[in-house]
$ cat query.pdb   # PDB, C-alpha atoms and all ligand atoms
MODEL        1
ATOM      1  CA  MET A   1       0.000   0.000   0.000  1.00  0.00           C
ATOM      2  CA  LEU A   2       1.237   3.466  -0.883  1.00  0.00           C
ATOM      3  CA  PHE A   3       1.550   6.266   1.659  1.00  0.00           C
ATOM      4  CA  ILE A   4       2.274   9.917   0.875  1.00  0.00           C
ATOM      5  CA  ALA A   5       4.170  11.808   3.552  1.00  0.00           C
ATOM      6  CA  PRO A   6       4.582  15.568   3.080  1.00  0.00           C
ATOM      7  CA  SER A   7       7.596  16.876   4.992  1.00  0.00           C
ATOM      8  CA  LEU A   8       6.747  19.761   7.289  1.00  0.00           C
ATOM      9  CA  LEU A   9      10.243  21.179   6.752  1.00  0.00           C
ATOM     10  CA  SER A  10       8.906  22.817   3.588  1.00  0.00           C
ATOM     11  CA  ALA A  11       5.881  24.392   5.306  1.00  0.00           C
ATOM     12  CA  ASP A  12       5.578  28.057   6.216  1.00  0.00           C
ATOM     13  CA  PHE A  13       6.509  27.934   9.912  1.00  0.00           C
ATOM     14  CA  SER A  14       4.512  31.101  10.594  1.00  0.00           C
ATOM     15  CA  LYS A  15       1.305  29.225   9.763  1.00  0.00           C
ATOM     16  CA  LEU A  16       1.827  25.557  10.534  1.00  0.00           C
ATOM     17  CA  ASP A  17      -1.836  24.959  11.356  1.00  0.00           C
ATOM     18  CA  ALA A  18      -3.039  26.213   7.980  1.00  0.00           C
ATOM     19  CA  ASP A  19      -0.281  24.442   6.064  1.00  0.00           C
ATOM     20  CA  ILE A  20      -0.982  21.131   7.799  1.00  0.00           C
ATOM     21  CA  ALA A  21      -4.676  21.548   6.976  1.00  0.00           C
ATOM     22  CA  LYS A  22      -3.732  22.207   3.354  1.00  0.00           C
ATOM     23  CA  VAL A  23      -1.824  18.935   2.909  1.00  0.00           C
ATOM     24  CA  THR A  24      -4.409  17.010   4.924  1.00  0.00           C
ATOM     25  CA  ASP A  25      -7.172  18.253   2.620  1.00  0.00           C
ATOM     26  CA  ALA A  26      -4.953  17.369  -0.324  1.00  0.00           C
ATOM     27  CA  GLY A  27      -4.951  13.699   0.718  1.00  0.00           C
ATOM     28  CA  ALA A  28      -1.731  13.193   2.680  1.00  0.00           C
ATOM     29  CA  ASP A  29      -1.439   9.964   4.694  1.00  0.00           C
ATOM     30  CA  TYR A  30       1.439  10.864   7.003  1.00  0.00           C
ATOM     31  CA  LEU A  31       3.005  14.083   8.208  1.00  0.00           C
ATOM     32  CA  HIS A  32       6.787  13.650   7.940  1.00  0.00           C
ATOM     33  CA  LEU A  33       8.558  15.527  10.730  1.00  0.00           C
ATOM     34  CA  ASP A  34      12.271  16.167  10.233  1.00  0.00           C
ATOM     35  CA  VAL A  35      14.086  16.614  13.529  1.00  0.00           C
ATOM     36  CA  MET A  36      17.632  17.975  13.136  1.00  0.00           C
ATOM     37  CA  ASP A  37      20.122  18.676  15.896  1.00  0.00           C
ATOM     38  CA  GLY A  38      22.938  20.590  14.203  1.00  0.00           C
ATOM     39  CA  MET A  39      25.283  17.687  15.051  1.00  0.00           C
ATOM     40  CA  PHE A  40      24.241  14.660  13.033  1.00  0.00           C
ATOM     41  CA  VAL A  41      23.268  17.028  10.224  1.00  0.00           C
ATOM     42  CA  PRO A  42      24.362  20.622   9.586  1.00  0.00           C
ATOM     43  CA  ASN A  43      20.941  22.128  10.272  1.00  0.00           C
ATOM     44  CA  ILE A  44      18.562  22.602  13.203  1.00  0.00           C
ATOM     45  CA  SER A  45      14.796  22.273  12.838  1.00  0.00           C
ATOM     46  CA  PHE A  46      12.346  21.614  15.677  1.00  0.00           C
ATOM     47  CA  GLY A  47      11.825  19.248  18.586  1.00  0.00           C
ATOM     48  CA  PRO A  48       9.191  17.655  20.821  1.00  0.00           C
ATOM     49  CA  CYS A  49       7.526  20.955  21.849  1.00  0.00           C
ATOM     50  CA  VAL A  50       6.534  21.778  18.288  1.00  0.00           C
ATOM     51  CA  ILE A  51       5.403  18.205  17.655  1.00  0.00           C
ATOM     52  CA  SER A  52       3.199  18.084  20.755  1.00  0.00           C
ATOM     53  CA  SER A  53       1.638  21.419  19.749  1.00  0.00           C
ATOM     54  CA  ILE A  54       0.767  20.335  16.232  1.00  0.00           C
ATOM     55  CA  ARG A  55      -0.419  16.955  17.596  1.00  0.00           C
ATOM     56  CA  ARG A  56      -3.394  18.879  18.978  1.00  0.00           C
ATOM     57  CA  VAL A  57      -4.449  20.063  15.532  1.00  0.00           C
ATOM     58  CA  SER A  58      -3.732  17.013  13.377  1.00  0.00           C
ATOM     59  CA  SER A  59      -4.818  13.396  13.248  1.00  0.00           C
ATOM     60  CA  LEU A  60      -2.409  12.421  10.463  1.00  0.00           C
ATOM     61  CA  ILE A  61       0.131   9.686  11.198  1.00  0.00           C
ATOM     62  CA  PHE A  62       3.154  11.505  12.634  1.00  0.00           C
ATOM     63  CA  ASP A  63       6.243  10.094  10.927  1.00  0.00           C
ATOM     64  CA  VAL A  64       9.139  11.430  13.005  1.00  0.00           C
ATOM     65  CA  HIS A  65      12.527  11.298  11.274  1.00  0.00           C
ATOM     66  CA  LEU A  66      15.239  11.758  13.889  1.00  0.00           C
ATOM     67  CA  MET A  67      18.398  13.193  12.358  1.00  0.00           C
ATOM     68  CA  ILE A  68      20.026  13.498  15.747  1.00  0.00           C
ATOM     69  CA  LYS A  69      23.136  12.042  17.357  1.00  0.00           C
ATOM     70  CA  ASP A  70      22.504   9.331  19.959  1.00  0.00           C
ATOM     71  CA  PRO A  71      18.718   9.311  19.448  1.00  0.00           C
ATOM     72  CA  GLU A  72      18.183   7.029  22.451  1.00  0.00           C
ATOM     73  CA  ARG A  73      18.453  10.189  24.563  1.00  0.00           C
ATOM     74  CA  TYR A  74      15.255  11.598  23.099  1.00  0.00           C
ATOM     75  CA  VAL A  75      13.034   8.845  21.711  1.00  0.00           C
ATOM     76  CA  ASP A  76      10.809   8.853  24.795  1.00  0.00           C
ATOM     77  CA  SER A  77      10.261  12.609  24.448  1.00  0.00           C
ATOM     78  CA  PHE A  78       9.162  12.183  20.853  1.00  0.00           C
ATOM     79  CA  ILE A  79       6.862   9.291  21.706  1.00  0.00           C
ATOM     80  CA  HIS A  80       5.348  11.381  24.488  1.00  0.00           C
ATOM     81  CA  ALA A  81       4.933  14.279  22.034  1.00  0.00           C
ATOM     82  CA  GLY A  82       2.765  12.092  19.797  1.00  0.00           C
ATOM     83  CA  ALA A  83       4.982  10.271  17.307  1.00  0.00           C
ATOM     84  CA  ASP A  84       3.311   7.338  15.553  1.00  0.00           C
ATOM     85  CA  ILE A  85       6.493   6.254  13.778  1.00  0.00           C
ATOM     86  CA  ILE A  86      10.018   6.876  15.044  1.00  0.00           C
ATOM     87  CA  THR A  87      12.885   6.655  12.566  1.00  0.00           C
ATOM     88  CA  ILE A  88      16.472   6.549  13.758  1.00  0.00           C
ATOM     89  CA  HIS A  89      19.574   6.672  11.574  1.00  0.00           C
ATOM     90  CA  TYR A  90      21.877   3.670  11.426  1.00  0.00           C
ATOM     91  CA  GLU A  91      24.802   6.126  11.388  1.00  0.00           C
ATOM     92  CA  SER A  92      23.661   8.067  14.450  1.00  0.00           C
ATOM     93  CA  CYS A  93      24.000   5.524  17.246  1.00  0.00           C
ATOM     94  CA  SER A  94      26.203   2.688  18.404  1.00  0.00           C
ATOM     95  CA  ASP A  95      23.432   0.178  19.132  1.00  0.00           C
ATOM     96  CA  PRO A  96      20.446   0.728  16.821  1.00  0.00           C
ATOM     97  CA  LEU A  97      18.812  -2.568  17.781  1.00  0.00           C
ATOM     98  CA  SER A  98      18.433  -1.586  21.425  1.00  0.00           C
ATOM     99  CA  VAL A  99      16.753   1.678  20.394  1.00  0.00           C
ATOM    100  CA  ILE A 100      14.502  -0.184  17.961  1.00  0.00           C
ATOM    101  CA  LYS A 101      13.448  -2.649  20.661  1.00  0.00           C
ATOM    102  CA  HIS A 102      12.857   0.155  23.144  1.00  0.00           C
ATOM    103  CA  VAL A 103      10.513   1.948  20.726  1.00  0.00           C
ATOM    104  CA  LYS A 104       8.632  -1.267  19.891  1.00  0.00           C
ATOM    105  CA  GLU A 105       8.101  -2.005  23.577  1.00  0.00           C
ATOM    106  CA  GLN A 106       6.081   1.189  23.707  1.00  0.00           C
ATOM    107  CA  GLU A 107       3.906   0.052  20.798  1.00  0.00           C
ATOM    108  CA  VAL A 108       5.161   2.755  18.489  1.00  0.00           C
ATOM    109  CA  ARG A 109       6.185   1.911  14.928  1.00  0.00           C
ATOM    110  CA  VAL A 110       9.909   2.069  14.296  1.00  0.00           C
ATOM    111  CA  ALA A 111      12.168   2.501  11.283  1.00  0.00           C
ATOM    112  CA  ILE A 112      15.861   2.546  10.496  1.00  0.00           C
ATOM    113  CA  ALA A 113      17.265   5.083   8.032  1.00  0.00           C
ATOM    114  CA  ILE A 114      20.392   5.075   5.915  1.00  0.00           C
ATOM    115  CA  SER A 115      22.094   8.074   4.346  1.00  0.00           C
ATOM    116  CA  PRO A 116      23.132   8.008   0.669  1.00  0.00           C
ATOM    117  CA  LYS A 117      26.707   6.795   1.259  1.00  0.00           C
ATOM    118  CA  THR A 118      25.677   3.939   3.596  1.00  0.00           C
ATOM    119  CA  PRO A 119      25.348   0.560   1.870  1.00  0.00           C
ATOM    120  CA  ALA A 120      22.003  -1.221   1.777  1.00  0.00           C
ATOM    121  CA  ASP A 121      23.119  -4.402   3.493  1.00  0.00           C
ATOM    122  CA  VAL A 122      23.751  -2.738   6.859  1.00  0.00           C
ATOM    123  CA  VAL A 123      19.992  -2.784   7.456  1.00  0.00           C
ATOM    124  CA  PHE A 124      19.592  -6.521   6.753  1.00  0.00           C
ATOM    125  CA  PRO A 125      20.095  -7.561  10.406  1.00  0.00           C
ATOM    126  CA  PHE A 126      17.308  -5.174  11.455  1.00  0.00           C
ATOM    127  CA  LEU A 127      14.659  -6.088   8.888  1.00  0.00           C
ATOM    128  CA  SER A 128      12.714  -8.457  11.095  1.00  0.00           C
ATOM    129  CA  TYR A 129      12.620  -5.915  13.944  1.00  0.00           C
ATOM    130  CA  VAL A 130      11.481  -2.784  12.112  1.00  0.00           C
ATOM    131  CA  ASP A 131       8.245  -1.687  10.490  1.00  0.00           C
ATOM    132  CA  MET A 132       9.980   0.433   7.887  1.00  0.00           C
ATOM    133  CA  VAL A 133      13.337   1.223   6.304  1.00  0.00           C
ATOM    134  CA  LEU A 134      14.005   4.804   5.219  1.00  0.00           C
ATOM    135  CA  VAL A 135      16.393   5.147   2.315  1.00  0.00           C
ATOM    136  CA  MET A 136      17.584   8.740   2.089  1.00  0.00           C
ATOM    137  CA  THR A 137      17.547   9.880  -1.517  1.00  0.00           C
ATOM    138  CA  VAL A 138      19.455  13.090  -0.680  1.00  0.00           C
ATOM    139  CA  GLU A 139      22.090  13.879   1.940  1.00  0.00           C
ATOM    140  CA  PRO A 140      20.066  14.569   5.090  1.00  0.00           C
ATOM    141  CA  GLY A 141      19.907  18.130   6.367  1.00  0.00           C
ATOM    142  CA  PHE A 142      17.959  20.236   3.920  1.00  0.00           C
ATOM    143  CA  GLY A 143      14.791  20.167   1.868  1.00  0.00           C
ATOM    144  CA  GLY A 144      14.714  21.155  -1.765  1.00  0.00           C
ATOM    145  CA  GLN A 145      17.648  19.064  -3.042  1.00  0.00           C
ATOM    146  CA  ALA A 146      17.637  16.905  -6.179  1.00  0.00           C
ATOM    147  CA  MET A 147      17.061  13.174  -5.743  1.00  0.00           C
ATOM    148  CA  ILE A 148      20.225  11.030  -6.143  1.00  0.00           C
ATOM    149  CA  PRO A 149      19.131   8.283  -8.593  1.00  0.00           C
ATOM    150  CA  GLU A 150      21.754   5.730  -7.445  1.00  0.00           C
ATOM    151  CA  THR A 151      20.138   5.585  -4.005  1.00  0.00           C
ATOM    152  CA  LEU A 152      17.158   3.800  -5.577  1.00  0.00           C
ATOM    153  CA  ASP A 153      19.372   0.787  -6.253  1.00  0.00           C
ATOM    154  CA  LYS A 154      19.488   0.350  -2.472  1.00  0.00           C
ATOM    155  CA  VAL A 155      15.691   0.416  -2.290  1.00  0.00           C
ATOM    156  CA  ARG A 156      15.613  -2.454  -4.791  1.00  0.00           C
ATOM    157  CA  ILE A 157      18.227  -4.433  -2.841  1.00  0.00           C
ATOM    158  CA  ILE A 158      16.348  -4.000   0.441  1.00  0.00           C
ATOM    159  CA  ARG A 159      12.955  -4.866  -1.090  1.00  0.00           C
ATOM    160  CA  ARG A 160      14.386  -8.033  -2.623  1.00  0.00           C
ATOM    161  CA  GLN A 161      15.992  -9.020   0.668  1.00  0.00           C
ATOM    162  CA  ALA A 162      12.785  -8.362   2.624  1.00  0.00           C
ATOM    163  CA  ASN A 163      10.750 -10.386   0.150  1.00  0.00           C
ATOM    164  CA  SER A 164      13.244 -13.235   0.310  1.00  0.00           C
ATOM    165  CA  LEU A 165      12.814 -13.287   4.088  1.00  0.00           C
ATOM    166  CA  GLY A 166       9.030 -13.289   3.743  1.00  0.00           C
ATOM    167  CA  LEU A 167       8.804  -9.751   5.134  1.00  0.00           C
ATOM    168  CA  THR A 168       6.331  -8.635   2.522  1.00  0.00           C
ATOM    169  CA  ASP A 169       4.696  -6.064   4.822  1.00  0.00           C
ATOM    170  CA  LEU A 170       7.899  -4.083   5.310  1.00  0.00           C
ATOM    171  CA  ASP A 171       7.458  -0.442   4.364  1.00  0.00           C
ATOM    172  CA  ILE A 172      10.275   1.217   2.459  1.00  0.00           C
ATOM    173  CA  GLU A 173      10.278   4.999   2.551  1.00  0.00           C
ATOM    174  CA  VAL A 174      12.229   7.302   0.275  1.00  0.00           C
ATOM    175  CA  ASP A 175      13.015  10.820   1.396  1.00  0.00           C
ATOM    176  CA  GLY A 176      14.557  13.685  -0.507  1.00  0.00           C
ATOM    177  CA  GLY A 177      13.879  15.214  -3.901  1.00  0.00           C
ATOM    178  CA  ILE A 178      10.802  13.080  -4.606  1.00  0.00           C
ATOM    179  CA  THR A 179       8.416  14.695  -7.096  1.00  0.00           C
ATOM    180  CA  GLU A 180       5.479  13.649  -9.239  1.00  0.00           C
ATOM    181  CA  ASP A 181       7.990  13.270 -12.094  1.00  0.00           C
ATOM    182  CA  ASN A 182      10.301  10.767 -10.393  1.00  0.00           C
ATOM    183  CA  ALA A 183       7.899   8.985  -8.013  1.00  0.00           C
ATOM    184  CA  HIS A 184       7.574   6.160 -10.553  1.00  0.00           C
ATOM    185  CA  LEU A 185      11.312   5.433 -10.271  1.00  0.00           C
ATOM    186  CA  ALA A 186      10.996   5.087  -6.491  1.00  0.00           C
ATOM    187  CA  THR A 187       7.929   2.832  -6.549  1.00  0.00           C
ATOM    188  CA  SER A 188       9.265   0.566  -9.290  1.00  0.00           C
ATOM    189  CA  ALA A 189      12.404   0.149  -7.160  1.00  0.00           C
ATOM    190  CA  GLY A 190      10.200  -1.034  -4.294  1.00  0.00           C
ATOM    191  CA  ALA A 191       9.410   2.071  -2.228  1.00  0.00           C
ATOM    192  CA  ASN A 192       5.862   2.412  -0.874  1.00  0.00           C
ATOM    193  CA  VAL A 193       6.170   5.477   1.374  1.00  0.00           C
ATOM    194  CA  LEU A 194       7.003   8.672  -0.466  1.00  0.00           C
ATOM    195  CA  VAL A 195       8.200  11.701   1.480  1.00  0.00           C
ATOM    196  CA  ALA A 196       7.883  14.949  -0.423  1.00  0.00           C
ATOM    197  CA  GLY A 197       8.549  18.342   1.104  1.00  0.00           C
ATOM    198  CA  SER A 198       8.881  21.026  -1.499  1.00  0.00           C
ATOM    199  CA  ALA A 199       6.989  19.079  -4.171  1.00  0.00           C
ATOM    200  CA  ILE A 200       3.813  19.140  -2.066  1.00  0.00           C
ATOM    201  CA  PHE A 201       4.066  22.177   0.223  1.00  0.00           C
ATOM    202  CA  LYS A 202       5.246  24.472  -2.567  1.00  0.00           C
ATOM    203  CA  SER A 203       2.753  23.076  -5.072  1.00  0.00           C
ATOM    204  CA  LYS A 204      -0.005  25.410  -6.229  1.00  0.00           C
ATOM    205  CA  LYS A 205      -2.225  22.344  -6.489  1.00  0.00           C
ATOM    206  CA  PRO A 206      -1.165  19.931  -3.734  1.00  0.00           C
ATOM    207  CA  ARG A 207      -4.120  17.621  -4.319  1.00  0.00           C
ATOM    208  CA  ALA A 208      -3.154  17.218  -7.986  1.00  0.00           C
ATOM    209  CA  THR A 209       0.467  16.615  -6.981  1.00  0.00           C
ATOM    210  CA  ILE A 210      -0.484  13.879  -4.530  1.00  0.00           C
ATOM    211  CA  THR A 211      -2.887  12.322  -7.015  1.00  0.00           C
ATOM    212  CA  ALA A 212      -0.134  12.292  -9.660  1.00  0.00           C
ATOM    213  CA  MET A 213       2.169  10.506  -7.207  1.00  0.00           C
ATOM    214  CA  ARG A 214      -0.499   7.903  -6.468  1.00  0.00           C
ATOM    215  CA  THR A 215      -1.074   7.359 -10.179  1.00  0.00           C
ATOM    216  CA  ALA A 216       2.664   7.011 -10.793  1.00  0.00           C
ATOM    217  CA  ALA A 217       2.858   4.417  -8.029  1.00  0.00           C
ATOM    218  CA  ARG A 218      -0.161   2.484  -9.283  1.00  0.00           C
ATOM    219  CA  ASP A 219       1.242   2.350 -12.812  1.00  0.00           C
ATOM    220  CA  ASN A 220       4.784   1.487 -11.685  1.00  0.00           C
ATOM    221  CA  PRO A 221       4.751  -1.213  -9.009  1.00  0.00           C
ATOM    222  CA  PHE A 222       7.896  -2.980  -7.791  1.00  0.00           C
ATOM    223  CA  ALA A 223       9.599  -4.335 -10.876  1.00  0.00           C
ATOM    224  CA  GLY A 224      11.435  -7.142  -9.078  1.00  0.00           C
TER     225      GLY A 224
HETATM  226  C1  LIG B 301      16.061  16.060   4.474  1.00  0.00           C
HETATM  227  C2  LIG B 301      14.737  15.652   5.032  1.00  0.00           C
HETATM  228  C3  LIG B 301      13.656  15.523   4.032  1.00  0.00           C
HETATM  229  C4  LIG B 301      13.336  16.774   3.278  1.00  0.00           C
HETATM  230  C5  LIG B 301      12.504  16.448   2.082  1.00  0.00           C
HETATM  231  O1  LIG B 301      17.034  15.915   5.452  1.00  0.00           O
HETATM  232  O2  LIG B 301      14.849  14.407   5.686  1.00  0.00           O
HETATM  233  O3  LIG B 301      12.490  15.001   4.637  1.00  0.00           O
HETATM  234  O4  LIG B 301      12.682  17.709   4.062  1.00  0.00           O
HETATM  235  O5  LIG B 301      12.278  17.614   1.370  1.00  0.00           O
HETATM  236  P1  LIG B 301      12.251  17.615  -0.216  1.00  0.00           P
HETATM  237  O6  LIG B 301      11.140  16.726  -0.630  1.00  0.00           O
HETATM  238  O7  LIG B 301      12.034  19.049  -0.551  1.00  0.00           O
HETATM  239  O8  LIG B 301      13.592  17.090  -0.690  1.00  0.00           O
HETATM  240 ZN    ZN B 302      13.020  13.323   6.394  1.00  0.00          ZN
ENDMDL
END

$ encode --input "query.pdb" --output "structure tokens"
Amino acid sequence: MLFIAPSLLSADFSKLDADIAKVTDAGADYLHLDVMDGMFVPNISFGPCVISSIRRVSSLIFDVHLMIKDPERYVDSFIHAGADIITIHYESCSDPLSVIKHVKEQEVRVAIAISPKTPADVVFPFLSYVDMVLVMTVEPGFGGQAMIPETLDKVRIIRRQANSLGLTDLDIEVDGGITEDNAHLATSAGANVLVAGSAIFKSKKPRATITAMRTAARDNPFAG
């Protein structure tokens, strides 16, 4: 099943309520929330306070992407703030499995993310523990970058591996530079959760943009 996840990083932060309503009305499934600490990535965004505030005005699935060093320090704060999915980066902590298990114990969905230079096979040992793998299609840190096509090879590798293990329900999310024009490349590689920041929030017709992404996905399923 396909899920569309607009990234709030591309919203107008002076009117979050209205911008969230806009993408909700446009048919978004998730709200992708990019948390950046200025250490793991060279940018700082927002934290649990903002997420708990917008939790009061949105019933979308909150897909919290932690681009922070040693995320185990803060996962409980983000769960308390209302995260439905917590994603940690493989590169950001010394023991991802313990963080993954800790999140699952609290009945929150969990994902592991890899940056563009990280090989696909590092996530193999985690596949049976996670709900989702996030393959970064740009270097994490900023919205509005162009998608790196080679990263989609990793999506294909991970989808094949998951299928070979019988993990056919695993979600694979792509994040960075996804547009209605390249969504078909991501879905045919095996992605089923599409994050799009600028493509949706900056669109004059967000509903048409989301519909075009759904059509692209429908017409271009995993090609094996
Ligand atoms: C980048 C973030 C992305 C980003 C996506 O570090 O993880 O979620 O905001 O924005 P676009 O779709 O504009 O590349
Ligand atoms: Zn993200």

$ closest_atom_pairs --input "query.pdb" --of "chain A" --to "ligand ZN 302 (chain B)" --cutoff "12 Å" --atoms "all atoms listed in the file" --output "CSV"
residue,atom,partner,partner_atom,distance
A:Ala5,CA,B:ZN302,ZN,9.4
A:Pro6,CA,B:ZN302,ZN,9.3
A:Ser7,CA,B:ZN302,ZN,6.6
A:Leu8,CA,B:ZN302,ZN,9.0
A:Leu9,CA,B:ZN302,ZN,8.3
A:Ser10,CA,B:ZN302,ZN,10.7
A:Tyr30,CA,B:ZN302,ZN,11.9
A:Leu31,CA,B:ZN302,ZN,10.2
A:His32,CA,B:ZN302,ZN,6.4
A:Leu33,CA,B:ZN302,ZN,6.6
A:Asp34,CA,B:ZN302,ZN,4.8
A:Val35,CA,B:ZN302,ZN,7.9
A:Met36,CA,B:ZN302,ZN,9.4
A:Val41,CA,B:ZN302,ZN,11.6
A:Ser45,CA,B:ZN302,ZN,11.2
A:Phe62,CA,B:ZN302,ZN,11.8
A:Asp63,CA,B:ZN302,ZN,8.8
A:Val64,CA,B:ZN302,ZN,7.9
A:His65,CA,B:ZN302,ZN,5.3
A:Leu66,CA,B:ZN302,ZN,8.0
A:Met67,CA,B:ZN302,ZN,8.0
A:Ile68,CA,B:ZN302,ZN,11.7
A:Ile86,CA,B:ZN302,ZN,11.2
A:Thr87,CA,B:ZN302,ZN,9.1
A:Ile88,CA,B:ZN302,ZN,10.6
A:His89,CA,B:ZN302,ZN,10.7
A:Ala111,CA,B:ZN302,ZN,11.9
A:Ile112,CA,B:ZN302,ZN,11.9
A:Ala113,CA,B:ZN302,ZN,9.4
A:Ile114,CA,B:ZN302,ZN,11.1
A:Ser115,CA,B:ZN302,ZN,10.7
A:Leu134,CA,B:ZN302,ZN,8.7
A:Val135,CA,B:ZN302,ZN,9.7
A:Met136,CA,B:ZN302,ZN,7.8
A:Thr137,CA,B:ZN302,ZN,9.7
A:Val138,CA,B:ZN302,ZN,9.6
A:Glu139,CA,B:ZN302,ZN,10.1
A:Pro140,CA,B:ZN302,ZN,7.3
A:Gly141,CA,B:ZN302,ZN,8.4
A:Phe142,CA,B:ZN302,ZN,8.8
A:Gly143,CA,B:ZN302,ZN,8.4
A:Gly144,CA,B:ZN302,ZN,11.4
A:Gln145,CA,B:ZN302,ZN,12.0
A:Glu173,CA,B:ZN302,ZN,9.6
A:Val174,CA,B:ZN302,ZN,8.6
A:Asp175,CA,B:ZN302,ZN,5.6
A:Gly176,CA,B:ZN302,ZN,7.1
A:Gly177,CA,B:ZN302,ZN,10.5
A:Ile178,CA,B:ZN302,ZN,11.2
A:Val193,CA,B:ZN302,ZN,11.6
A:Leu194,CA,B:ZN302,ZN,10.2
A:Val195,CA,B:ZN302,ZN,7.1
A:Ala196,CA,B:ZN302,ZN,8.7
A:Gly197,CA,B:ZN302,ZN,8.6
A:Ser198,CA,B:ZN302,ZN,11.8

$ closest_residue --input "query.pdb" --among "A:Val57, A:Ala199, A:Ala120, A:Cys93" --to "ligand LIG 301 (chain B)" --atoms "only C-alpha atoms and all ligand atoms"
A:Ala199

$ resolve_selection --input "query.pdb" --expression "the PyMOL selection byres (((chain A and resi 206) around 12) and not hetatm)" --output "MDAnalysis selection string"
chainID A and resid 4 6 19:28 179:180 196:205 207:213

$ write_last_selection --input "query.pdb" --atoms "C-alpha atoms" --output "tab-separated table (two decimals), in the coordinates of the input"
chain	number	residue	atom	x	y	z
A	4	ILE	CA	2.27	9.92	0.88
A	6	PRO	CA	4.58	15.57	3.08
A	19	ASP	CA	-0.28	24.44	6.06
A	20	ILE	CA	-0.98	21.13	7.80
A	21	ALA	CA	-4.68	21.55	6.98
A	22	LYS	CA	-3.73	22.21	3.35
A	23	VAL	CA	-1.82	18.93	2.91
A	24	THR	CA	-4.41	17.01	4.92
A	25	ASP	CA	-7.17	18.25	2.62
A	26	ALA	CA	-4.95	17.37	-0.32
A	27	GLY	CA	-4.95	13.70	0.72
A	28	ALA	CA	-1.73	13.19	2.68
A	179	THR	CA	8.42	14.70	-7.10
A	180	GLU	CA	5.48	13.65	-9.24
A	196	ALA	CA	7.88	14.95	-0.42
A	197	GLY	CA	8.55	18.34	1.10
A	198	SER	CA	8.88	21.03	-1.50
A	199	ALA	CA	6.99	19.08	-4.17
A	200	ILE	CA	3.81	19.14	-2.07
A	201	PHE	CA	4.07	22.18	0.22
A	202	LYS	CA	5.25	24.47	-2.57
A	203	SER	CA	2.75	23.08	-5.07
A	204	LYS	CA	0.00	25.41	-6.23
A	205	LYS	CA	-2.22	22.34	-6.49
A	207	ARG	CA	-4.12	17.62	-4.32
A	208	ALA	CA	-3.15	17.22	-7.99
A	209	THR	CA	0.47	16.61	-6.98
A	210	ILE	CA	-0.48	13.88	-4.53
A	211	THR	CA	-2.89	12.32	-7.02
A	212	ALA	CA	-0.13	12.29	-9.66
A	213	MET	CA	2.17	10.51	-7.21

$ axis_aligned_box --input "query.pdb" --around "region 56-66 of chain A" --padding-each-side "8 Å" --output "AutoDock Vina command-line options"
--center_x 5.2 --center_y 14.9 --center_z 14.7 --size_x 36.1 --size_y 26.4 --size_z 24.5

$ residues_around --input "query.pdb" --residues "Met132 (chain A)" --least-positions-apart "4" --cutoff "6 Å" --atoms "only C-alpha atoms" --output "list in words"
Ala111, Leu170, Asp171 and Ile172 of chain A

$ atom_distance --input "query.pdb" --atom1 "CA of Met39 (chain A)" --atom2 "CA of Asp76 (chain A)"
19.6 Å

$ build_atoms --input "query.pdb" --residues "region 156-164 of chain A" --atoms "N, CA, C and O atoms" --output "PDB file, in the coordinates of the input"
ATOM      1  N   ARG A 156      15.862  -1.175  -4.102  1.00  0.00           N
ATOM      2  CA  ARG A 156      15.613  -2.454  -4.791  1.00  0.00           C
ATOM      3  C   ARG A 156      16.264  -3.611  -4.021  1.00  0.00           C
ATOM      4  O   ARG A 156      15.655  -4.668  -3.813  1.00  0.00           O
ATOM      5  N   ILE A 157      17.495  -3.389  -3.577  1.00  0.00           N
ATOM      6  CA  ILE A 157      18.227  -4.433  -2.841  1.00  0.00           C
ATOM      7  C   ILE A 157      17.491  -4.788  -1.544  1.00  0.00           C
ATOM      8  O   ILE A 157      17.323  -5.967  -1.196  1.00  0.00           O
ATOM      9  N   ILE A 158      17.023  -3.761  -0.853  1.00  0.00           N
ATOM     10  CA  ILE A 158      16.348  -4.000   0.441  1.00  0.00           C
ATOM     11  C   ILE A 158      14.985  -4.668   0.214  1.00  0.00           C
ATOM     12  O   ILE A 158      14.590  -5.579   0.943  1.00  0.00           O
ATOM     13  N   ARG A 159      14.266  -4.233  -0.806  1.00  0.00           N
ATOM     14  CA  ARG A 159      12.955  -4.866  -1.090  1.00  0.00           C
ATOM     15  C   ARG A 159      13.136  -6.333  -1.448  1.00  0.00           C
ATOM     16  O   ARG A 159      12.388  -7.199  -0.978  1.00  0.00           O
ATOM     17  N   ARG A 160      14.146  -6.630  -2.261  1.00  0.00           N
ATOM     18  CA  ARG A 160      14.386  -8.033  -2.623  1.00  0.00           C
ATOM     19  C   ARG A 160      14.727  -8.854  -1.381  1.00  0.00           C
ATOM     20  O   ARG A 160      14.236  -9.980  -1.214  1.00  0.00           O
ATOM     21  N   GLN A 161      15.581  -8.297  -0.538  1.00  0.00           N
ATOM     22  CA  GLN A 161      15.992  -9.020   0.668  1.00  0.00           C
ATOM     23  C   GLN A 161      14.781  -9.255   1.584  1.00  0.00           C
ATOM     24  O   GLN A 161      14.586 -10.357   2.105  1.00  0.00           O
ATOM     25  N   ALA A 162      13.971  -8.224   1.765  1.00  0.00           N
ATOM     26  CA  ALA A 162      12.785  -8.362   2.624  1.00  0.00           C
ATOM     27  C   ALA A 162      11.853  -9.434   2.058  1.00  0.00           C
ATOM     28  O   ALA A 162      11.368 -10.299   2.808  1.00  0.00           O
ATOM     29  N   ASN A 163      11.630  -9.386   0.760  1.00  0.00           N
ATOM     30  CA  ASN A 163      10.750 -10.386   0.150  1.00  0.00           C
ATOM     31  C   ASN A 163      11.322 -11.788   0.319  1.00  0.00           C
ATOM     32  O   ASN A 163      10.580 -12.748   0.588  1.00  0.00           O
ATOM     33  N   SER A 164      12.637 -11.909   0.194  1.00  0.00           N
ATOM     34  CA  SER A 164      13.244 -13.235   0.310  1.00  0.00           C
ATOM     35  C   SER A 164      13.137 -13.770   1.737  1.00  0.00           C
ATOM     36  O   SER A 164      13.165 -14.976   1.960  1.00  0.00           O
TER      37      SER A 164
END
